[in-house]
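Q: First, the structure itself, so that you have it in front of you.
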Amino acid sequence: RMWVVYKAGVYDITEFAREAHPGGAEKIAMAAGKSIEPFWAMYAQHKEEYVYELLENMRIANLDPKDVAANAKAREGGGEGPYANDPPRHPALVVQSPAPFNAETPMALIAQDFITPNDIFFVRNHLPVPTVDPAEYVLEIQGLGLAEPVRLTLDDLKTKFPKHSVTAAIQCAGNRRTVMSDLKAVRGGAWNAGAISNATWSGPRLVDVLKHCGVDVDDDESALRHVHFYGLDKDPAGDTVYAASVPVDIALQRR
């Protein structure tokens with residue numbers, strides 16, 4: 001049988017899912033054994049009185065108040081130890097690792113929208129999610145060609161530079177690793193095909209920020225070879241942060 005939870009009620013939706021659900025049984029099955037509320041939040045058409053009445057006809061039990069409270073706490077997110085401040089996650093995500101949290105966009109929804117909804121965008125973490133106060137955030141730029149470090153607030157980034165938008169898909173390098181492993185053993189997490197999502201990304205261009213800091217973007221003889229990025233996510237066992245770099249030709253849009 002297939003049952004779901006809505007607030008304090010438990011509902012057997014087996015026949016409805018199989019015979020009458022407009023979205024088909026596959027999509028509603030993602031909520032099986034869970035609260036239906038986060039899934040309804042993705043589809044506004046459920047917020048109609050007749051939908052609540054239809055569901056109420058399928059009620060088979062009520063939750064213990066302690067379980068209602070536990071479900072509410074689970075939706076608030078967080079984990080244990082250094083992961084206690086991790087944000088809440090949508091239950092439709094296909095979890096590959098709870099800590100650090102890594103999860104795929106469900107295959108039943110991956111092609112439903114051209115732009116992947118934020119709630120079900122795939123998640124790839126190596127470390128606990130940092131807590132960031134937008135009012136206190138500061139980006140520091142330093143390195144070759146700069147007399148001294150340059151510090152920019154989030155408001156600076158929003159107001160001092162032209163805003164550009166790019167629609168692009170990103171994916172984990174290990175996407176479909178399980179398929180690769182069928183041919184030859186591959187190290188890494190067992191990702192299926194859902195570690196990919198599409199979004200519209202907006203903000204200042206990196207080249208504009210570097211120009212603002214004093215980098216001569218037209219100097220082909222510069223010793224600058226890479227732009228290195230340091231994340232705010234830090235290893236709880238030490239001071240190691242997640243970092244990556246891109247060649248300067250890409251950073252300065254020379255090609």
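By convention here, the chains of the structure tokens are called A, B, ... in the order presented, each chain's residues are numbered starting at 1, and ligands are numbered starting at 1 in the order presented.
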Could you name the residues that touch Phe114 of chain A at 12 Å or less, counting only C-alpha atoms, but leaving out those on the same chain fewer than 5 positions away, as a PyMOL selection string?
A: chain A and resi 109+121+167-169+197-200
Q: Env of Leu224 of chain A: 9 Å cut, atoms = only C-alpha atoms, seq-sep filter 4 positions within chain, self excluded. Answer as a PyMOL selection string.
A: chain A and resi 143-145+248
Q: Run DSSP on the backbone and grab whatever in segment 36-220 of chain A lands in helix (DSSP H, G or I); send it over as a ChimeraX atom specification.
A: /A:37-40,44-46,49-56,65-75,81-83,118-120,154-159,177-183,206-213
Q: What are the closest atom pairs, with distances in Å to one decimal, for all residues of segment 62-161 of chain A lying within 7 Å of segment 204-219 of chain A? Consider only C-alpha atoms, order rows by chain and residue number, and present the result as a Markdown table.
A:
```
| residue | atom | partner | partner_atom | distance |
| --- | --- | --- | --- | --- |
| A:Gly145 | CA | A:Val215 | CA | 6.0 |
| A:Leu146 | CA | A:Gly214 | CA | 6.4 |
| A:Val150 | CA | A:Cys213 | CA | 6.3 |
| A:Leu157 | CA | A:Pro204 | CA | 6.6 |
| A:Phe161 | CA | A:Pro204 | CA | 5.7 |
```
Q: Of the residues A:Gly33, A:Gly9, A:Pro87, A:Leu93, which is the one nearest to Tyr52 of chain A, using only C-alpha atoms?
A: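 Of A:Gly33, A:Gly9, A:Pro87, A:Leu93, the one nearest Tyr52 of chain A is A:Gly9, counting only C-alpha atoms.
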Q: Compile the contact shell of Val95 of chain A as a PDB file with C-alpha atoms, in the first residue's frame: residues with an atom at most 10 Å away, counting only C-alpha atoms, same-chain residues fewer than 4 positions apart removed.
A:
```pdb
ATOM      1  CA  ARG A  89      16.320  19.701   2.185  1.00  0.00           C
ATOM      2  CA  PRO A  91      12.376  15.084   0.640  1.00  0.00           C
ATOM      3  CA  PHE A 101      24.871  16.130   2.239  1.00  0.00           C
ATOM      4  CA  ASN A 102      24.911  14.990  -1.393  1.00  0.00           C
ATOM      5  CA  ALA A 103      21.760  14.326  -3.372  1.00  0.00           C
ATOM      6  CA  GLU A 104      20.414  14.032  -6.908  1.00  0.00           C
ATOM      7  CA  THR A 105      17.466  15.627  -8.628  1.00  0.00           C
ATOM      8  CA  PRO A 106      14.871  12.823  -8.957  1.00  0.00           C
ATOM      9  CA  PHE A 122      21.155  18.578  -7.081  1.00  0.00           C
ATOM     10  CA  VAL A 123      23.433  19.080  -4.070  1.00  0.00           C
ATOM     11  CA  TRP A 191      25.982   8.844  -8.483  1.00  0.00           C
TER      12      TRP A 191
END
```
Q: Among the residues of segment 27-160 of chain A, find those DSSP assigns to strand (DSSP E) from the backbone and print them as a ChimeraX atom specification.
A: /A:59-62,94-98,101-104,138-141,150-153
Q: What does the distance from atom CA of Lys66 of chain A to atom CA of Lys7 of chain A come to in Å, to one decimal?
A: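 Computing it gives 12.3 Å between the two atoms.
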Q: Residues near Leu154 of chain A, anyone? I mean within 9 Å using only C-alpha atoms, not counting same-chain ones fewer than 5 positions away, as a list in words.
A: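 Contacts, with the query itself left out: Pro134, Ala135, Glu136, Tyr137, Val138, Leu139 and Thr159 of chain A.
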Q: What's the separation between atom CA of Arg177 of chain A and atom CA of Ala195 of chain A, in Å to one decimal place?
A: 10.0 Å
Q: Mind checking which residues fall within 12 Å of Ala99 of chain A, counting only C-alpha atoms, ignoring those fewer than 6 positions away in the same chain, and posting them as a list in words?
A: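 Everything that qualifies: Gly78, Gly79, Glu80, Gly81, Pro82, Tyr83, Ala84, Asn85, Asp86, Val123, Arg124, Asn125, His126, Leu127, Pro128 and Val129 of chain A.
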Q: Write the selection just made, keeping N, CA, C and O atoms, as a PDB file, in the first residue's frame?
A:
```pdb
ATOM      1  N   GLY A  78      19.338  20.461   9.334  1.00  0.00           N
ATOM      2  CA  GLY A  78      20.346  20.216  10.345  1.00  0.00           C
ATOM      3  C   GLY A  78      20.672  18.745  10.488  1.00  0.00           C
ATOM      4  O   GLY A  78      19.923  17.868  10.079  1.00  0.00           O
ATOM      5  N   GLY A  79      21.804  18.473  11.063  1.00  0.00           N
ATOM      6  CA  GLY A  79      22.233  17.115  11.312  1.00  0.00           C
ATOM      7  C   GLY A  79      22.868  17.047  12.684  1.00  0.00           C
ATOM      8  O   GLY A  79      22.369  17.661  13.626  1.00  0.00           O
ATOM      9  N   GLU A  80      23.969  16.336  12.778  1.00  0.00           N
ATOM     10  CA  GLU A  80      24.663  16.212  14.051  1.00  0.00           C
ATOM     11  C   GLU A  80      26.066  16.794  13.949  1.00  0.00           C
ATOM     12  O   GLU A  80      26.653  16.861  12.869  1.00  0.00           O
ATOM     13  N   GLY A  81      26.619  17.218  15.086  1.00  0.00           N
ATOM     14  CA  GLY A  81      27.976  17.719  15.120  1.00  0.00           C
ATOM     15  C   GLY A  81      28.170  18.917  14.199  1.00  0.00           C
ATOM     16  O   GLY A  81      27.384  19.865  14.225  1.00  0.00           O
ATOM     17  N   PRO A  82      29.206  18.885  13.356  1.00  0.00           N
ATOM     18  CA  PRO A  82      29.490  20.036  12.485  1.00  0.00           C
ATOM     19  C   PRO A  82      28.421  20.275  11.420  1.00  0.00           C
ATOM     20  O   PRO A  82      28.427  21.318  10.764  1.00  0.00           O
ATOM     21  N   TYR A  83      27.506  19.320  11.250  1.00  0.00           N
ATOM     22  CA  TYR A  83      26.461  19.454  10.232  1.00  0.00           C
ATOM     23  C   TYR A  83      25.136  19.943  10.821  1.00  0.00           C
ATOM     24  O   TYR A  83      24.117  19.968  10.136  1.00  0.00           O
ATOM     25  N   ALA A  84      25.158  20.356  12.086  1.00  0.00           N
ATOM     26  CA  ALA A  84      23.939  20.747  12.776  1.00  0.00           C
ATOM     27  C   ALA A  84      23.259  21.965  12.158  1.00  0.00           C
ATOM     28  O   ALA A  84      22.044  22.145  12.295  1.00  0.00           O
ATOM     29  N   ASN A  85      24.031  22.809  11.462  1.00  0.00           N
ATOM     30  CA  ASN A  85      23.455  24.020  10.873  1.00  0.00           C
ATOM     31  C   ASN A  85      23.153  23.881   9.383  1.00  0.00           C
ATOM     32  O   ASN A  85      22.845  24.877   8.723  1.00  0.00           O
ATOM     33  N   ASP A  86      23.255  22.671   8.845  1.00  0.00           N
ATOM     34  CA  ASP A  86      22.913  22.471   7.445  1.00  0.00           C
ATOM     35  C   ASP A  86      21.449  22.847   7.204  1.00  0.00           C
ATOM     36  O   ASP A  86      20.599  22.632   8.082  1.00  0.00           O
ATOM     37  N   VAL A 123      22.575  18.527  -5.125  1.00  0.00           N
ATOM     38  CA  VAL A 123      23.433  19.080  -4.070  1.00  0.00           C
ATOM     39  C   VAL A 123      24.739  18.300  -4.022  1.00  0.00           C
ATOM     40  O   VAL A 123      24.739  17.071  -3.941  1.00  0.00           O
ATOM     41  N   ARG A 124      25.856  19.037  -4.086  1.00  0.00           N
ATOM     42  CA  ARG A 124      27.175  18.401  -3.977  1.00  0.00           C
ATOM     43  C   ARG A 124      27.992  19.145  -2.926  1.00  0.00           C
ATOM     44  O   ARG A 124      28.347  20.311  -3.104  1.00  0.00           O
ATOM     45  N   ASN A 125      28.243  18.510  -1.815  1.00  0.00           N
ATOM     46  CA  ASN A 125      29.034  19.096  -0.731  1.00  0.00           C
ATOM     47  C   ASN A 125      30.220  18.207  -0.403  1.00  0.00           C
ATOM     48  O   ASN A 125      30.138  16.973  -0.506  1.00  0.00           O
ATOM     49  N   HIS A 126      31.313  18.819   0.003  1.00  0.00           N
ATOM     50  CA  HIS A 126      32.454  18.094   0.536  1.00  0.00           C
ATOM     51  C   HIS A 126      32.602  18.324   2.040  1.00  0.00           C
ATOM     52  O   HIS A 126      33.271  17.544   2.728  1.00  0.00           O
ATOM     53  N   LEU A 127      31.980  19.408   2.538  1.00  0.00           N
ATOM     54  CA  LEU A 127      32.150  19.844   3.919  1.00  0.00           C
ATOM     55  C   LEU A 127      30.826  20.382   4.436  1.00  0.00           C
ATOM     56  O   LEU A 127      29.861  20.542   3.671  1.00  0.00           O
ATOM     57  N   PRO A 128      30.726  20.676   5.726  1.00  0.00           N
ATOM     58  CA  PRO A 128      29.486  21.270   6.250  1.00  0.00           C
ATOM     59  C   PRO A 128      29.159  22.582   5.545  1.00  0.00           C
ATOM     60  O   PRO A 128      30.049  23.321   5.119  1.00  0.00           O
ATOM     61  N   VAL A 129      27.871  22.877   5.428  1.00  0.00           N
ATOM     62  CA  VAL A 129      27.431  24.122   4.802  1.00  0.00           C
ATOM     63  C   VAL A 129      27.741  25.287   5.749  1.00  0.00           C
ATOM     64  O   VAL A 129      27.319  25.268   6.907  1.00  0.00           O
TER      65      VAL A 129
END
```
Q: When you draw a straight line from atom CA of Gly188 of chain A to atom CA of Lys34 of chain A, how long is it in Å?
A: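 Those two atoms sit 29.2 Å apart.
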Q: Quick one: of A:Pro117, A:Ala72, A:Glu56, A:Ala20, who's nearest to Tyr43 of chain A, counting only C-alpha atoms?
A: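 Ranked by minimum distance to Tyr43 of chain A, first place goes to A:Pro117.
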Q: Which one is closest to Tyr11 of chain A: A:Arg59, A:Lys47, A:Lys234, A:Arg225? Count only C-alpha atoms.
A: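 Using only C-alpha atoms, Tyr11 of chain A sits closest to A:Arg59.
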